[in-house]
Each structure stands twice: as C-alpha cells, then as structure tokens.
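Q: Sharing a structure, written as structure tokens. Questions coming.
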Amino acid sequence: QSHKMEAIGRLAAGIAHEINNPLAIINEKAGLMKDFLEMSGNLEQNKEKFDDLISSIFESVNRCRNITHRLLGFSRRIDGASEAINLNDTVREVLEFIEKEMLFRNIRLGLHLREDIPTIVSDKGQLQQVFLNIVNNAVDAIGKDGVIEIRTDIKDEHTVTVLIKDTGPGIPQEILRHIFEPFYTTKEKGKGTGLGLSISYGIMQKLGGTIFVRSEVNKGTAFTIEIPQKAVPV
Ligand SMILES: Nc1ncnc2c1ncn2[C@@H]1O[C@H](COP(=O)(O)OP(=O)(O)OP(=O)(O)O)[C@@H](O)[C@H]1O
Ligand SMILES: [Mg+2]
C-alpha cells in the first residue's frame with residue numbers, strides 16, 4: 001500500500017510539474033500581450049507579435065489538454081472489467097486503428113497469432129490501450145520503411161504473451177532505464193506526453209501481468225506483455 005502511495009505521489013508531482021510549465025508560458029505570453037496593449041496605441045504594428053504570442057498560448061493549452069485527456073482515460077478504467085476474451089481478436093481490433101498509418105509509412109506487419117491461444121479472463125479495453133500505446137511507439141520509432149512483428153503465444157499454463165517487435169533505431173541503455181517513468185519522453189515538444197508506457201505499465205500491474213523490454217541499438221526494440229490467463233487484481 002505504501003508502495004502504491006509512493007507511486008501516486010510521484011505521479012502527482014510529475015503532473016503538477018508538467019502542467020505548471022505550460023501554465024507559466026500562458027501566463028507570461030498573456031502578460032506580454034497586456035503590456036503591448038497598454039504601451040502602444042498602434043495595434044496594427046504589433047499584429048505579428050500578437051499572432052506569435054497567441055500561437056504559443058494555444059500550444060501550451062494543447063499540451064495541458066493532452067495530459068489531462070490521457071490521465072482521464074486512465075482513471076476511467078481504474079475499475080477493471082473481467083470478461084472472457086480472445087487475445088487474437090483483441091490484437092486484431094487494435095490493428096484496425098493503426099493499419100492505415102502503417103501502410104502510409106510503408107511499415108509491414110508480421111502477424112503471428114497462435115491459433116490455440118486459450119480464452120483469457122481480463123479487461124479487453126485496458127489491454128487494447130496497452131497494445132495501442134506500444135504499437136504507436138513502434139510506428140513512431142520506425143518513422144517509415146520497416147517491419148513490426150506481433151506475436152501471441154502461450155508462456156505456461158497461467159500466462160499468455162504478446163510480443164511487439166520493431167525494426168526501429170533501438171533504445172540506448174541510458175534512455176532504456178527511464179522509459180517507464182511518467183512524463184519521460186524523447187519526442188520533440190508537443191509530440192509526446194511521455195505517459196504511454198507508464199500508463200501501460202500501471203495497467204499491466206493492475207491486471208496481474210507485466211511488460212518487459214529488450215532493445216538493441218541499430219537493430220530494434222521488442223516489448224513482451226505477459227498476461228495472466230485469469231486476471232488477478234492487485
Ligand atoms: N519502440 C520504441 N523504440 C524506440 N524508443 C522507444 C520505443 N518505445 C518507447 N520508446 C522511448 O520511450 C519513451 C517513452 O515512451 P512513452 O510511450 O511512455 O511516451 P511517448 O511515446 O514519448 O509519449 P506518448 O506515449 O504520450 O505519445 C519515448 O519517448 C521513446 O524515447
Ligand atoms: Mg508513446
């Protein structure tokens with residue numbers, strides 16, 4: 001329990017920090033606009049400056065909105081549903097979301113769904129969020145021209161797995177150890193919130209499973225999601 005509180009405290013501190021930055025920017029730019037208004041009678045002259053300031057305010061608001069949306073999506077799903085699900089169908093449905101994007105970027109899909117995968121009892125919506133986060137990361141990592149391999153498998157009598165492997169640039173050691181931290185991102189400003197993997201990790205813990213990562217620079221990255229055949233709530 002104290003472990004959980006610690007994690008929540010860390011998350012809260014992270015959120016406060018991440019939201020405070022754009023808020024400070026909004027505050028500063030709005031202040032500048034006010035100054036301009038008071039100082040110069042000629043608004044025409046300052047039109048371009050105003051335009052820039054307003055853009056940067058919109059950008060900051062957007063960033064806050066992205067963060068709160070992702071967190072809301074997470075908390076809404078906190079009471080996990082338990083239903084009998086077919087893992088292969090669950091994976092296939094996620095791919096429908098991302099197929100077009102992959103085609104567009106010339107990313108080939110190597111899909112290996114094990115026919116005899118047992119029915120599992122888990123939360124389909126949450127699992128799909130995890131798969132989507134990880135496949136999205138793979139697409140981002142490849143950019144264009146590459147392969148994403150997705151494989152469902154049986155690990156043992158209690159556990160099934162989903163492997164999501166990409167031919168992206170790989171993750172260097174010093175980055176690898178941070179990727180599950182909330183708000184850790186290497187993506188350019190405004191692109192990533194850095195919440196995808198930390199939320200995915202939290203979901204898998206809640207479902208009694210886990211996520212592993214293996215990565216090799218210049219070769220690619222593989223995430224393995226282990227799922228209990230019967231979700232054990234923690
Ligand atoms: N398949 C991958 N290949 C290379 N780097 C990856 C891969 N998956 C994750 N990463 C690294 O881990 C970081 C954290 O990933 P995470 O999904 O948590 O956040 P994000 O993708 O940056 O932002 P968001 O998920 O909100 O769009 C990424 O910024 C990237 O540096
Ligand atoms: Mg991501």
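Ligands are numbered from 1 in the order shown, residues from 1 within each chain, and chains are lettered A, B, ... in the order they appear in the structure tokens.
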May I ask you to write as number ranges by chain all residues lying at most 10 Å from ligand 2, with only C-alpha atoms and all ligand atoms counted?

A: A: 130, 132-141, 179, 184-187, 191-200

Q: Write out as a list in words all residues of segment 28-170 of chain A that backbone DSSP assigns to strand (DSSP E).

A: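 Output for segment 28-170 of chain A, strand (DSSP E) only: Glu83, Ala84, Ile85, Ile107, Arg108, Leu109, Gly110, Leu111, His112, Ile120, Val121, Ser122, Gly146, Val147, Ile148, Glu149, Ile150, Arg151, Thr152, Asp153, Ile154, Thr159, Val160, Thr161, Val162, Leu163, Ile164, Lys165 and Asp166 of chain A.
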
Q: Counting only C-alpha atoms and all ligand atoms, figure out which residue out of A:Ile98, A:Leu111, A:Leu163, A:Ile67 gets nearest to ligand 1.

A: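 When distances to ligand 1 are compared using only C-alpha atoms and all ligand atoms, the smallest one comes from A:Ile67.
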
Q: Do you know which residues are at most 12 Å from Lys219 of chain A counting only C-alpha atoms, after dropping those on the same chain fewer than 2 positions away, and could you put them as number ranges by chain?

A: A: 141-142, 146-147, 165-172, 214-217, 221-222

Q: Take the residues from that selection and write them out as a PDB file, in the first residue's frame, keeping N, CA, C and O atoms.

A:
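Wrote it out as result_31.pdb, contents follow:
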ATOM      1  N   ALA A 141       8.916   5.026 -33.739  1.00  0.00           N
ATOM      2  CA  ALA A 141      10.346   4.704 -33.742  1.00  0.00           C
ATOM      3  C   ALA A 141      10.830   4.412 -35.161  1.00  0.00           C
ATOM      4  O   ALA A 141      11.913   4.841 -35.555  1.00  0.00           O
ATOM      5  N   ILE A 142      10.031   3.688 -35.931  1.00  0.00           N
ATOM      6  CA  ILE A 142      10.442   3.344 -37.297  1.00  0.00           C
ATOM      7  C   ILE A 142      10.368   4.570 -38.200  1.00  0.00           C
ATOM      8  O   ILE A 142      11.250   4.786 -39.029  1.00  0.00           O
ATOM      9  N   GLY A 146       9.865  -0.184 -42.593  1.00  0.00           N
ATOM     10  CA  GLY A 146      10.327  -1.110 -41.566  1.00  0.00           C
ATOM     11  C   GLY A 146       9.307  -2.212 -41.350  1.00  0.00           C
ATOM     12  O   GLY A 146       8.359  -2.368 -42.126  1.00  0.00           O
ATOM     13  N   VAL A 147       9.511  -2.965 -40.299  1.00  0.00           N
ATOM     14  CA  VAL A 147       8.627  -4.085 -40.005  1.00  0.00           C
ATOM     15  C   VAL A 147       8.237  -4.054 -38.528  1.00  0.00           C
ATOM     16  O   VAL A 147       9.084  -3.816 -37.661  1.00  0.00           O
ATOM     17  N   LYS A 165       7.400  -6.199 -31.746  1.00  0.00           N
ATOM     18  CA  LYS A 165       8.817  -6.009 -32.052  1.00  0.00           C
ATOM     19  C   LYS A 165       8.965  -5.104 -33.267  1.00  0.00           C
ATOM     20  O   LYS A 165       8.240  -5.279 -34.258  1.00  0.00           O
ATOM     21  N   ASP A 166       9.866  -4.138 -33.188  1.00  0.00           N
ATOM     22  CA  ASP A 166      10.022  -3.226 -34.323  1.00  0.00           C
ATOM     23  C   ASP A 166      11.458  -3.188 -34.831  1.00  0.00           C
ATOM     24  O   ASP A 166      12.392  -3.572 -34.135  1.00  0.00           O
ATOM     25  N   THR A 167      11.606  -2.721 -36.067  1.00  0.00           N
ATOM     26  CA  THR A 167      12.939  -2.573 -36.656  1.00  0.00           C
ATOM     27  C   THR A 167      13.388  -1.112 -36.578  1.00  0.00           C
ATOM     28  O   THR A 167      14.096  -0.623 -37.452  1.00  0.00           O
ATOM     29  N   GLY A 168      12.972  -0.430 -35.512  1.00  0.00           N
ATOM     30  CA  GLY A 168      13.368   0.965 -35.306  1.00  0.00           C
ATOM     31  C   GLY A 168      14.820   1.085 -34.867  1.00  0.00           C
ATOM     32  O   GLY A 168      15.562   0.100 -34.902  1.00  0.00           O
ATOM     33  N   PRO A 169      15.223   2.280 -34.449  1.00  0.00           N
ATOM     34  CA  PRO A 169      16.625   2.548 -34.115  1.00  0.00           C
ATOM     35  C   PRO A 169      17.092   1.922 -32.798  1.00  0.00           C
ATOM     36  O   PRO A 169      18.281   1.960 -32.499  1.00  0.00           O
ATOM     37  N   GLY A 170      16.183   1.351 -32.016  1.00  0.00           N
ATOM     38  CA  GLY A 170      16.579   0.791 -30.730  1.00  0.00           C
ATOM     39  C   GLY A 170      16.702   1.881 -29.670  1.00  0.00           C
ATOM     40  O   GLY A 170      16.609   3.066 -29.973  1.00  0.00           O
ATOM     41  N   ILE A 171      16.895   1.450 -28.440  1.00  0.00           N
ATOM     42  CA  ILE A 171      16.938   2.396 -27.317  1.00  0.00           C
ATOM     43  C   ILE A 171      18.257   2.228 -26.563  1.00  0.00           C
ATOM     44  O   ILE A 171      18.531   1.153 -26.027  1.00  0.00           O
ATOM     45  N   PRO A 172      19.085   3.263 -26.508  1.00  0.00           N
ATOM     46  CA  PRO A 172      20.335   3.165 -25.757  1.00  0.00           C
ATOM     47  C   PRO A 172      20.089   2.944 -24.258  1.00  0.00           C
ATOM     48  O   PRO A 172      19.066   3.382 -23.735  1.00  0.00           O
ATOM     49  N   ARG A 214      13.257  -5.455 -24.472  1.00  0.00           N
ATOM     50  CA  ARG A 214      14.623  -5.748 -24.910  1.00  0.00           C
ATOM     51  C   ARG A 214      14.900  -4.828 -26.074  1.00  0.00           C
ATOM     52  O   ARG A 214      14.031  -4.619 -26.922  1.00  0.00           O
ATOM     53  N   SER A 215      16.085  -4.250 -26.111  1.00  0.00           N
ATOM     54  CA  SER A 215      16.356  -3.351 -27.222  1.00  0.00           C
ATOM     55  C   SER A 215      17.819  -3.396 -27.599  1.00  0.00           C
ATOM     56  O   SER A 215      18.690  -3.576 -26.744  1.00  0.00           O
ATOM     57  N   GLU A 216      18.070  -3.246 -28.870  1.00  0.00           N
ATOM     58  CA  GLU A 216      19.441  -3.223 -29.341  1.00  0.00           C
ATOM     59  C   GLU A 216      19.572  -2.058 -30.317  1.00  0.00           C
ATOM     60  O   GLU A 216      18.809  -1.973 -31.305  1.00  0.00           O
ATOM     61  N   VAL A 217      20.530  -1.178 -30.037  1.00  0.00           N
ATOM     62  CA  VAL A 217      20.700  -0.003 -30.884  1.00  0.00           C
ATOM     63  C   VAL A 217      21.030  -0.441 -32.313  1.00  0.00           C
ATOM     64  O   VAL A 217      21.813  -1.370 -32.521  1.00  0.00           O
ATOM     65  N   THR A 221      13.563  -2.864 -31.220  1.00  0.00           N
ATOM     66  CA  THR A 221      13.075  -2.983 -29.847  1.00  0.00           C
ATOM     67  C   THR A 221      11.940  -4.002 -29.796  1.00  0.00           C
ATOM     68  O   THR A 221      11.149  -4.080 -30.727  1.00  0.00           O
ATOM     69  N   ALA A 222      11.899  -4.768 -28.716  1.00  0.00           N
ATOM     70  CA  ALA A 222      10.821  -5.738 -28.545  1.00  0.00           C
ATOM     71  C   ALA A 222      10.211  -5.598 -27.159  1.00  0.00           C
ATOM     72  O   ALA A 222      10.918  -5.645 -26.151  1.00  0.00           O
TER      73      ALA A 222
END

Q: Could you tell me, as a count of residues only, which residues of segment 23-234 of chain A DSSP assigns to helix (DSSP H, G or I) when given the backbone?

A: 102

Q: What separation in Å, quoted to one decimal, exists between atom 31 (O, counted along the ligand's line) of ligand 1 and atom CA of Arg63 of chain A?

A: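 Pair atom 31 (O, counted along the ligand's line) of ligand 1 / atom CA of Arg63 of chain A returns 17.9 Å.
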
Q: Can you tell me, as a list in words, what residues are no more than 12 Å from Glu59 of chain A when counting only C-alpha atoms, ignoring any on the same chain fewer than 5 positions away?

A: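 The residues satisfying every condition are Asn21, Pro22, Leu23, Ile25, Ile26, Lys29, Asp52, Leu53, Ile54, Cys64, Arg65, Asn66, Lys189, Gly190 and Lys191 of chain A.
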